[in-house]
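See below for the structure under consideration.
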Amino acid sequence: MRHKKIRVLIAKPGLDGHDRGAKVVAQGLRDAGMEIIYVGLRLTPEQIAEAAIQEDVDVVGIDCLSGAHMALFPKTVSLIREKGGENILVVGGGTIPKKDIPKLREAGIAQIFGPGTPIEEIVKFIETTLGKRGNDNQD
Amino acid sequence: MKNAKEISERKKAFRTTVDGTVVNRVYVPANLEGFKEEDIGLPGEYPFTRHIMPTGYRGRLWTMRQYAGFGTVEETNERYKYLHQQGQTGFSVAFHLPTQEGYDSDHPLATGEVGKCGVAIDSLQDMEQLWAGIPLAEVSTSMTINATAPIILAMYIAAAEKQGADKGNLSGTVQNDILKEYIARNTYIFGPTASMRLVTDTCSYCAQNMPRWNSISISGYHMREAGATAAQEAGFTIANGIAYVQAMIDKGMEVDAFAPRFSFFFAAYTNLLEEVAKFRALRRMWAKIMKGRFGAQNPRSMTLRYHAQTDGFTLTEQQPLNNTVRVTLQALAAVLGSCQSLHTCSFDEALALPSEPAVQIALRTQQIIAHESGVADTVDPLGGSYYIEWLTNQIENEAMRYINEIDKMGGILRAIEAGYIQKQIANSAYHYQRAVDSGEQVVVGVNKFATEDEPEPETLEIDTEIEKKQIERLKKLKQKRDNQKVNEVLSRVRDVVRSDQNIIPVLIEAVKVYATIGEISDALRDVFGEYREPSLL
């Protein structure tokens, strides 16, 4: 059992301005009891990684609808890892063609939540994944 | 027999959309009590509720204008030529995000974005090639560009002049609507005050030099996409319109000298009848405001001319072919709402950038409505329906409540700074998502009638080589142009920005010596600084 609130950083890498999904997810995760750090738009992978480390978050959610995800998502994950965020769970959303998903998974994005995903599904995924890890650590 | 009141219905309350209007079981003449006949009026007559032209589509059909642009200028140029052959009657340019946000393709923030959401334009060289073989004096072009609108307009003028065209004959539109960028679309660069200066410089330059050019397209579309209801879209867009008209008057211009070239852009959603009512309400509101509030005399200043686009947000990734049906309903709403031009979305847009077959069906949808459905044969065919007239009044009243609220706050800039508009829209978006998650709002193929494991259709992929090619081309340009001249003109750009002169002439000079979009934007950043979104979450 986790006792402290799950901390989630929500960010939009690149120049895409479509932030409806990111804001709705941020609000939904907050209503589910998580602590949300919404850093908003127009950020480089470098800036997101830095914020994730400084804010000491458990989860980073990144979102992109412009088609730049293949250039931005893997880079964000590797910078987070480089800066010492080995255990940070990274998830993504946006307009992501299905055929890109295996490559993104390989790069370390744990899950992609496309258009139409219920918020509950994202909440469950985060809780289960972090919960499992917590148990593994105890063993 | 049961009393009609006791017969149970499917839902406790019927609403147009999640946060939308509550709809009665049936509408009767009593619902229109106190309503004035002249508020409906005749097409082409004040308050233009039915259509801006007396003949509606019997004179001329709406312009079928598909928004397109991707990759390099050569590829987009090919797509334009294809659309032209397919019978499209106007162009609509999508620019990639770096162009929209004032970065060259080689800027670190442009990584991965080059050629993605639109065509990559770094300099006049790209603009010239975009229109190769297309005579700009003979076409009409709409450009979705806002923060960098004055620079892109300068490039378009320069490219046209190089083709031998006179800028006075150019026909088209620049979106140039910065206020909705702060509210929803997010491609701002500078703060609101600096941006309003650029907007009004562009509008007054067009009013004086380009009589056939729409200097602004005041847009509700992106607010709707971000979550706004129909009434919010109407109210906030008209409130932005009021701010632009006031800013032009404050600049010393007569309302009838610029207002005839103001145009609008709205979303067409799937709730057919509410959308038709919205478009009718919008025309009436604008006419009343322009006449009553601003004293316009020229009827052209009072007519709300608009482009509509079917709503991208409603397109589903699941069972994507269903989207062709959604697009048909939305397009029908725009046409029954008397739009002047229309873009229909492609069914695969929730999956990727649209593919060519999908783009073709989207255009065919409009052609079938125009030539087979019969809805274009008489003007405003739904006018006079108790429900439509009641709903038109309802949306007008609700939108006017928002406008009054914004007036009380001291105008739209204040309301944006306070985060009032953004908050209203974010709340509507959240309620909508909750309603979809709970099943209260049905989305066919997503939370009802879903199927497992659908095959994904072929989608368009943008070659990642484009980024390298574009950066290489930019590098070459910077080597071969006269860099001393570029620096001289850029320093004059800074001087003009600090003065109260109109900025467009010096921008035309700058683009002509091939100063890039990033360099010119940086010159403006030097003077204006940059805007950061207030944290509202």
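Labeling convention for the structure tokens: chains A, B, ... as they appear, residues from 1 per chain, ligands from 1 in order of appearance.
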For the contact check between chain A and chain B, emit one row per residue of chain A within 9 Å, containing the shortest atom pair and the distance in Å rounded to one decimal, counting only C-alpha atoms, chain then rising number order, as CSV.
```
residue,atom,partner,partner_atom,distance
A:Pro13,CA,B:Leu109,CA,8.8
A:Gly14,CA,B:Leu109,CA,6.0
A:Leu15,CA,B:Leu97,CA,6.1
A:Asp16,CA,B:Leu97,CA,7.0
A:Gly17,CA,B:Asn186,CA,4.8
A:His18,CA,B:Arg185,CA,6.6
A:Asp19,CA,B:Ala226,CA,7.5
A:Arg20,CA,B:Ala226,CA,5.2
A:Gly21,CA,B:Ala226,CA,8.6
A:Lys23,CA,B:Ala426,CA,7.4
A:Val24,CA,B:Tyr430,CA,5.4
A:Val25,CA,B:Tyr430,CA,8.6
A:Ala26,CA,B:Leu537,CA,8.3
A:Gln27,CA,B:Tyr430,CA,7.5
A:Gly28,CA,B:Tyr430,CA,7.9
A:Ile36,CA,B:Leu537,CA,8.7
A:Ile37,CA,B:Leu537,CA,8.6
A:Tyr38,CA,B:Leu537,CA,6.8
A:Val39,CA,B:Ser535,CA,8.1
A:Gly40,CA,B:Ser535,CA,8.1
A:Leu41,CA,B:Asn186,CA,8.3
A:Arg42,CA,B:Leu109,CA,7.7
A:Leu43,CA,B:Leu109,CA,7.6
A:Thr44,CA,B:Leu109,CA,6.3
A:Leu65,CA,B:Ala352,CA,8.8
A:Ser66,CA,B:Cys117,CA,5.7
A:Gly67,CA,B:Lys116,CA,6.0
A:Ala68,CA,B:Gly112,CA,4.6
A:His69,CA,B:Gly112,CA,7.4
A:Met70,CA,B:Gly112,CA,7.4
A:Ala71,CA,B:Gly112,CA,4.9
A:Leu72,CA,B:Gly112,CA,6.8
A:Gly94,CA,B:Ala350,CA,9.0
A:Thr95,CA,B:Leu351,CA,5.9
A:Ile96,CA,B:Leu351,CA,6.5
A:Pro97,CA,B:Leu351,CA,5.5
A:Lys98,CA,B:Glu456,CA,7.6
A:Gly114,CA,B:Glu317,CA,7.8
A:Pro115,CA,B:Glu317,CA,6.3
A:Gly116,CA,B:Val446,CA,6.5
A:Thr117,CA,B:Asp437,CA,8.5
A:Pro118,CA,B:Asp437,CA,5.4
A:Ile119,CA,B:Asp437,CA,7.2
A:Glu120,CA,B:Asp437,CA,7.9
```
With a distance cut-off of 6 Å and only C-alpha atoms, select the neighbouring residues of B:Thr392, excluding the residue or stretch itself and same-chain residues fewer than 3 positions from it, and output the selection as a list in words.
Ala277, Ala281, Ile388, Glu389 and Ile395 of chain B
So which residues touch B:Ala230 within 12 Å, counting only C-alpha atoms, skipping near sequence neighbours fewer than 4 positions away, as a compact mmCIF listing (two decimals) with all heavy atoms, in the first residue's frame?
```txt
# COMPACT_ATOMS: atom_id res chain seq x y z
N ARG B 15 -30.73 17.34 -23.54
CA ARG B 15 -29.92 18.53 -23.79
C ARG B 15 -29.30 18.44 -25.18
O ARG B 15 -29.05 17.34 -25.67
CB ARG B 15 -28.78 18.61 -22.77
CG ARG B 15 -29.20 19.10 -21.40
CD ARG B 15 -28.00 19.11 -20.45
NE ARG B 15 -28.38 19.58 -19.13
CZ ARG B 15 -28.38 20.87 -18.78
NH1 ARG B 15 -28.00 21.80 -19.63
NH2 ARG B 15 -28.75 21.21 -17.57
N THR B 16 -28.99 19.61 -25.76
CA THR B 16 -28.36 19.61 -27.08
C THR B 16 -26.99 18.95 -27.01
O THR B 16 -26.62 18.14 -27.84
CB THR B 16 -28.21 21.04 -27.61
OG1 THR B 16 -27.56 21.82 -26.60
CG2 THR B 16 -29.55 21.65 -27.96
N THR B 17 -26.19 19.37 -25.99
CA THR B 17 -24.91 18.72 -25.71
C THR B 17 -24.79 18.67 -24.19
O THR B 17 -25.68 19.18 -23.50
CB THR B 17 -23.71 19.51 -26.28
OG1 THR B 17 -23.85 20.87 -25.92
CG2 THR B 17 -23.64 19.40 -27.79
N VAL B 18 -23.69 18.14 -23.68
CA VAL B 18 -23.59 17.91 -22.24
C VAL B 18 -23.94 19.14 -21.40
O VAL B 18 -24.77 19.08 -20.52
CB VAL B 18 -22.18 17.39 -21.87
CG1 VAL B 18 -22.03 17.28 -20.36
CG2 VAL B 18 -21.96 16.02 -22.50
N ASP B 19 -23.28 20.27 -21.68
CA ASP B 19 -23.60 21.49 -20.93
C ASP B 19 -24.55 22.40 -21.71
O ASP B 19 -24.73 23.56 -21.38
CB ASP B 19 -22.30 22.27 -20.63
CG ASP B 19 -21.60 21.71 -19.40
OD1 ASP B 19 -22.21 20.90 -18.69
OD2 ASP B 19 -20.43 22.07 -19.17
N GLY B 20 -25.16 21.85 -22.75
CA GLY B 20 -25.97 22.69 -23.65
C GLY B 20 -27.38 22.94 -23.16
O GLY B 20 -27.73 22.69 -22.00
N THR B 21 -28.20 23.43 -24.08
CA THR B 21 -29.56 23.86 -23.78
C THR B 21 -30.47 22.66 -23.50
O THR B 21 -30.37 21.63 -24.15
CB THR B 21 -30.10 24.61 -25.02
OG1 THR B 21 -29.13 25.57 -25.40
CG2 THR B 21 -31.42 25.29 -24.73
N GLY B 220 -14.29 31.08 -33.69
CA GLY B 220 -14.84 30.34 -32.56
C GLY B 220 -14.42 28.88 -32.59
O GLY B 220 -14.51 28.17 -31.59
N TYR B 221 -13.98 28.44 -33.76
CA TYR B 221 -13.71 27.02 -33.99
C TYR B 221 -12.84 26.39 -32.91
O TYR B 221 -13.16 25.35 -32.36
CB TYR B 221 -13.04 26.83 -35.36
CG TYR B 221 -12.82 25.38 -35.71
CD1 TYR B 221 -13.83 24.63 -36.27
CD2 TYR B 221 -11.60 24.75 -35.44
CE1 TYR B 221 -13.64 23.28 -36.57
CE2 TYR B 221 -11.41 23.41 -35.73
CZ TYR B 221 -12.44 22.68 -36.30
OH TYR B 221 -12.25 21.35 -36.58
N HIS B 222 -11.74 27.06 -32.60
CA HIS B 222 -10.76 26.44 -31.70
C HIS B 222 -11.25 26.41 -30.26
O HIS B 222 -10.89 25.52 -29.50
CB HIS B 222 -9.42 27.17 -31.81
CG HIS B 222 -9.09 27.45 -33.25
ND1 HIS B 222 -9.49 28.60 -33.88
CD2 HIS B 222 -8.46 26.69 -34.17
CE1 HIS B 222 -9.10 28.55 -35.15
NE2 HIS B 222 -8.48 27.41 -35.35
N MET B 223 -12.10 27.39 -29.91
CA MET B 223 -12.68 27.37 -28.57
C MET B 223 -13.64 26.19 -28.45
O MET B 223 -13.69 25.51 -27.44
CB MET B 223 -13.41 28.68 -28.30
CG MET B 223 -12.50 29.89 -28.37
SD MET B 223 -13.33 31.35 -27.73
CE MET B 223 -13.50 32.31 -29.20
N ARG B 224 -14.38 25.95 -29.53
CA ARG B 224 -15.31 24.82 -29.53
C ARG B 224 -14.52 23.51 -29.42
O ARG B 224 -14.88 22.61 -28.66
CB ARG B 224 -16.12 24.85 -30.82
CG ARG B 224 -17.31 23.90 -30.82
CD ARG B 224 -18.32 24.34 -29.77
NE ARG B 224 -19.47 23.46 -29.69
CZ ARG B 224 -20.51 23.49 -30.52
NH1 ARG B 224 -20.53 24.35 -31.53
NH2 ARG B 224 -21.51 22.66 -30.36
N GLU B 225 -13.44 23.43 -30.18
CA GLU B 225 -12.59 22.24 -30.14
C GLU B 225 -12.02 22.03 -28.74
O GLU B 225 -11.78 20.91 -28.31
CB GLU B 225 -11.41 22.40 -31.11
CG GLU B 225 -11.78 22.21 -32.55
CD GLU B 225 -11.91 20.74 -32.90
OE1 GLU B 225 -10.90 20.04 -32.99
OE2 GLU B 225 -13.06 20.30 -33.06
N ALA B 226 -11.76 23.12 -28.04
CA ALA B 226 -11.18 23.03 -26.71
C ALA B 226 -12.25 22.70 -25.67
O ALA B 226 -11.92 22.46 -24.51
CB ALA B 226 -10.49 24.33 -26.35
N ALA B 234 -20.35 31.06 -29.50
CA ALA B 234 -20.97 32.27 -30.08
C ALA B 234 -20.61 33.50 -29.25
O ALA B 234 -20.16 34.52 -29.79
CB ALA B 234 -22.48 32.08 -30.15
N GLY B 235 -20.79 33.41 -27.94
CA GLY B 235 -20.57 34.58 -27.08
C GLY B 235 -19.12 35.03 -27.07
O GLY B 235 -18.83 36.23 -27.23
N PHE B 236 -18.19 34.10 -26.91
CA PHE B 236 -16.77 34.47 -26.80
C PHE B 236 -16.24 35.00 -28.14
O PHE B 236 -15.40 35.90 -28.17
CB PHE B 236 -15.93 33.29 -26.31
CG PHE B 236 -16.32 32.78 -24.94
CD1 PHE B 236 -16.05 31.47 -24.55
CD2 PHE B 236 -16.96 33.62 -24.02
CE1 PHE B 236 -16.41 31.00 -23.28
CE2 PHE B 236 -17.33 33.16 -22.75
CZ PHE B 236 -17.05 31.84 -22.39
N THR B 237 -16.71 34.42 -29.24
CA THR B 237 -16.22 34.88 -30.55
C THR B 237 -16.70 36.30 -30.83
O THR B 237 -15.93 37.16 -31.28
CB THR B 237 -16.70 33.94 -31.66
OG1 THR B 237 -16.37 32.61 -31.31
CG2 THR B 237 -16.03 34.28 -32.98
N PHE B 266 -16.24 29.32 -37.77
CA PHE B 266 -16.90 28.57 -36.70
C PHE B 266 -16.83 27.06 -36.92
O PHE B 266 -16.61 26.60 -38.04
CB PHE B 266 -18.37 28.99 -36.59
CG PHE B 266 -18.55 30.42 -36.21
CD1 PHE B 266 -18.94 31.36 -37.15
CD2 PHE B 266 -18.27 30.85 -34.92
CE1 PHE B 266 -19.08 32.69 -36.82
CE2 PHE B 266 -18.40 32.19 -34.57
CZ PHE B 266 -18.81 33.11 -35.52
N ALA B 267 -17.09 26.36 -35.84
CA ALA B 267 -17.16 24.90 -35.91
C ALA B 267 -18.57 24.47 -36.29
O ALA B 267 -19.54 25.15 -35.97
CB ALA B 267 -16.79 24.31 -34.56
N ALA B 268 -18.66 23.35 -36.98
CA ALA B 268 -19.96 22.71 -37.21
C ALA B 268 -19.93 21.36 -36.50
O ALA B 268 -19.14 20.48 -36.85
CB ALA B 268 -20.22 22.54 -38.70
N TYR B 269 -20.76 21.25 -35.48
CA TYR B 269 -20.80 20.08 -34.61
C TYR B 269 -21.87 19.11 -35.09
O TYR B 269 -22.57 19.38 -36.05
CB TYR B 269 -21.15 20.61 -33.21
CG TYR B 269 -20.48 19.92 -32.06
CD1 TYR B 269 -19.13 20.13 -31.79
CD2 TYR B 269 -21.22 19.09 -31.21
CE1 TYR B 269 -18.53 19.52 -30.71
CE2 TYR B 269 -20.62 18.48 -30.13
CZ TYR B 269 -19.28 18.69 -29.88
OH TYR B 269 -18.69 18.10 -28.81
N THR B 270 -22.01 18.00 -34.42
CA THR B 270 -22.94 16.97 -34.90
C THR B 270 -24.39 17.25 -34.55
O THR B 270 -25.29 16.76 -35.20
CB THR B 270 -22.53 15.58 -34.36
OG1 THR B 270 -21.11 15.51 -34.35
CG2 THR B 270 -23.07 14.47 -35.23
N ASN B 271 -24.65 18.04 -33.51
CA ASN B 271 -26.05 18.34 -33.18
C ASN B 271 -26.59 19.33 -34.21
O ASN B 271 -26.51 20.55 -34.08
CB ASN B 271 -26.19 18.91 -31.77
CG ASN B 271 -27.64 18.98 -31.34
OD1 ASN B 271 -28.48 19.50 -32.08
ND2 ASN B 271 -27.95 18.43 -30.19
N LEU B 272 -27.15 18.75 -35.26
CA LEU B 272 -27.51 19.48 -36.48
C LEU B 272 -28.35 20.74 -36.20
O LEU B 272 -28.01 21.83 -36.65
CB LEU B 272 -28.28 18.51 -37.38
CG LEU B 272 -28.75 19.05 -38.72
CD1 LEU B 272 -27.63 18.89 -39.73
CD2 LEU B 272 -29.97 18.29 -39.21
N LEU B 273 -29.43 20.58 -35.46
CA LEU B 273 -30.37 21.69 -35.32
C LEU B 273 -29.81 22.79 -34.42
O LEU B 273 -30.01 23.98 -34.68
CB LEU B 273 -31.72 21.18 -34.80
CG LEU B 273 -32.37 20.15 -35.75
CD1 LEU B 273 -33.63 19.58 -35.14
CD2 LEU B 273 -32.67 20.76 -37.12
N GLU B 274 -29.05 22.40 -33.40
CA GLU B 274 -28.45 23.43 -32.55
C GLU B 274 -27.43 24.25 -33.34
O GLU B 274 -27.34 25.46 -33.19
CB GLU B 274 -27.74 22.80 -31.33
CG GLU B 274 -27.12 23.87 -30.43
CD GLU B 274 -26.42 23.33 -29.21
OE1 GLU B 274 -25.65 22.38 -29.34
OE2 GLU B 274 -26.66 23.88 -28.11
N GLU B 275 -26.69 23.59 -34.21
CA GLU B 275 -25.70 24.31 -35.00
C GLU B 275 -26.36 25.28 -35.96
O GLU B 275 -25.91 26.41 -36.12
CB GLU B 275 -24.82 23.31 -35.78
CG GLU B 275 -23.93 22.49 -34.89
CD GLU B 275 -23.03 23.34 -34.01
OE1 GLU B 275 -22.06 23.90 -34.52
OE2 GLU B 275 -23.32 23.46 -32.81
N VAL B 276 -27.44 24.84 -36.60
CA VAL B 276 -28.14 25.74 -37.53
C VAL B 276 -28.62 26.97 -36.75
O VAL B 276 -28.44 28.11 -37.19
CB VAL B 276 -29.34 25.01 -38.19
CG1 VAL B 276 -30.15 25.99 -39.02
CG2 VAL B 276 -28.84 23.86 -39.05
N ALA B 277 -29.18 26.74 -35.58
CA ALA B 277 -29.67 27.85 -34.74
C ALA B 277 -28.50 28.76 -34.35
O ALA B 277 -28.64 29.99 -34.36
CB ALA B 277 -30.38 27.30 -33.51
N LYS B 278 -27.37 28.17 -34.04
CA LYS B 278 -26.20 28.96 -33.65
C LYS B 278 -25.77 29.90 -34.77
O LYS B 278 -25.53 31.09 -34.54
CB LYS B 278 -25.04 28.02 -33.29
CG LYS B 278 -23.73 28.72 -32.95
CD LYS B 278 -22.58 27.73 -32.82
CE LYS B 278 -22.03 27.33 -34.17
NZ LYS B 278 -20.92 26.36 -34.08
N PHE B 279 -25.69 29.38 -35.98
CA PHE B 279 -25.24 30.22 -37.10
C PHE B 279 -26.23 31.35 -37.36
O PHE B 279 -25.83 32.49 -37.64
CB PHE B 279 -25.08 29.37 -38.37
CG PHE B 279 -23.96 28.36 -38.27
CD1 PHE B 279 -24.17 27.02 -38.57
CD2 PHE B 279 -22.68 28.75 -37.88
CE1 PHE B 279 -23.15 26.09 -38.48
CE2 PHE B 279 -21.65 27.82 -37.79
CZ PHE B 279 -21.89 26.49 -38.08
N ALA B 281 -28.24 32.69 -35.10
CA ALA B 281 -28.13 33.63 -33.97
C ALA B 281 -26.90 34.52 -34.14
O ALA B 281 -26.95 35.73 -33.89
CB ALA B 281 -28.04 32.86 -32.66
N LEU B 282 -25.80 33.92 -34.58
CA LEU B 282 -24.56 34.69 -34.76
C LEU B 282 -24.74 35.82 -35.76
O LEU B 282 -24.30 36.94 -35.53
CB LEU B 282 -23.44 33.75 -35.24
CG LEU B 282 -22.75 32.96 -34.13
CD1 LEU B 282 -22.02 31.75 -34.70
CD2 LEU B 282 -21.76 33.86 -33.37
N ASP B 311 -16.21 19.48 -37.07
CA ASP B 311 -15.50 19.47 -35.80
C ASP B 311 -14.52 18.30 -35.67
O ASP B 311 -14.94 17.14 -35.58
CB ASP B 311 -16.55 19.39 -34.68
CG ASP B 311 -15.97 19.79 -33.37
OD1 ASP B 311 -15.99 20.98 -33.07
OD2 ASP B 311 -15.45 18.90 -32.66
N LEU B 391 -34.71 28.04 -30.56
CA LEU B 391 -33.33 27.73 -30.22
C LEU B 391 -32.39 28.86 -30.67
O LEU B 391 -31.41 29.19 -30.00
CB LEU B 391 -32.93 26.40 -30.87
CG LEU B 391 -31.66 25.69 -30.40
CD1 LEU B 391 -31.62 25.54 -28.88
CD2 LEU B 391 -31.54 24.32 -31.06
N THR B 392 -32.70 29.49 -31.80
CA THR B 392 -31.93 30.64 -32.27
C THR B 392 -31.99 31.75 -31.20
O THR B 392 -30.96 32.33 -30.82
CB THR B 392 -32.47 31.15 -33.62
OG1 THR B 392 -32.44 30.09 -34.57
CG2 THR B 392 -31.65 32.32 -34.15
N GLN B 394 -32.69 31.36 -28.06
CA GLN B 394 -32.08 30.86 -26.84
C GLN B 394 -30.55 31.05 -26.88
O GLN B 394 -29.94 31.53 -25.92
CB GLN B 394 -32.42 29.36 -26.73
CG GLN B 394 -32.20 28.75 -25.40
CD GLN B 394 -33.20 29.26 -24.38
OE1 GLN B 394 -34.28 29.73 -24.73
NE2 GLN B 394 -32.82 29.21 -23.10
N ILE B 395 -29.96 30.68 -27.99
CA ILE B 395 -28.49 30.80 -28.12
C ILE B 395 -28.09 32.26 -28.13
O ILE B 395 -27.10 32.66 -27.51
CB ILE B 395 -28.00 30.04 -29.37
CG1 ILE B 395 -28.16 28.54 -29.12
CG2 ILE B 395 -26.54 30.39 -29.69
CD1 ILE B 395 -27.74 27.66 -30.24
N GLU B 396 -28.87 33.09 -28.82
CA GLU B 396 -28.58 34.53 -28.83
C GLU B 396 -28.60 35.07 -27.40
O GLU B 396 -27.68 35.79 -26.98
CB GLU B 396 -29.58 35.28 -29.71
CG GLU B 396 -29.31 36.79 -29.73
CD GLU B 396 -30.27 37.56 -30.62
OE1 GLU B 396 -31.19 36.95 -31.21
OE2 GLU B 396 -30.09 38.79 -30.73
N GLU B 398 -28.26 33.48 -24.52
CA GLU B 398 -27.19 32.94 -23.68
C GLU B 398 -25.84 33.55 -24.06
O GLU B 398 -25.04 33.91 -23.20
CB GLU B 398 -27.16 31.41 -23.81
CG GLU B 398 -26.61 30.75 -22.56
CD GLU B 398 -26.50 29.24 -22.73
OE1 GLU B 398 -27.43 28.64 -23.31
OE2 GLU B 398 -25.48 28.68 -22.29
N ALA B 399 -25.61 33.68 -25.34
CA ALA B 399 -24.35 34.28 -25.81
C ALA B 399 -24.26 35.74 -25.37
O ALA B 399 -23.19 36.21 -24.96
CB ALA B 399 -24.25 34.17 -27.33
N ILE B 425 -14.29 27.21 -20.52
CA ILE B 425 -14.12 26.21 -21.58
C ILE B 425 -13.57 24.90 -20.99
O ILE B 425 -14.05 23.81 -21.32
CB ILE B 425 -13.21 26.75 -22.70
CG1 ILE B 425 -13.91 27.92 -23.41
CG2 ILE B 425 -12.85 25.66 -23.70
CD1 ILE B 425 -13.09 28.63 -24.46
N SER B 428 -16.33 22.98 -19.30
CA SER B 428 -17.22 22.31 -20.27
C SER B 428 -16.54 21.07 -20.82
O SER B 428 -17.19 20.02 -20.97
CB SER B 428 -17.59 23.26 -21.42
OG SER B 428 -18.29 24.37 -20.94
```
Could you tell me how far atom CA of B:Gly44 lies from atom CA of B:Gly56, in Å and to one decimal?
8.1 Å
Shell of 8 Å around B:Val513, only C-alpha atoms, local chain residues under 2 positions omitted, as a ChimeraX atom specification:
/B:481-482,485-486,509-511,515
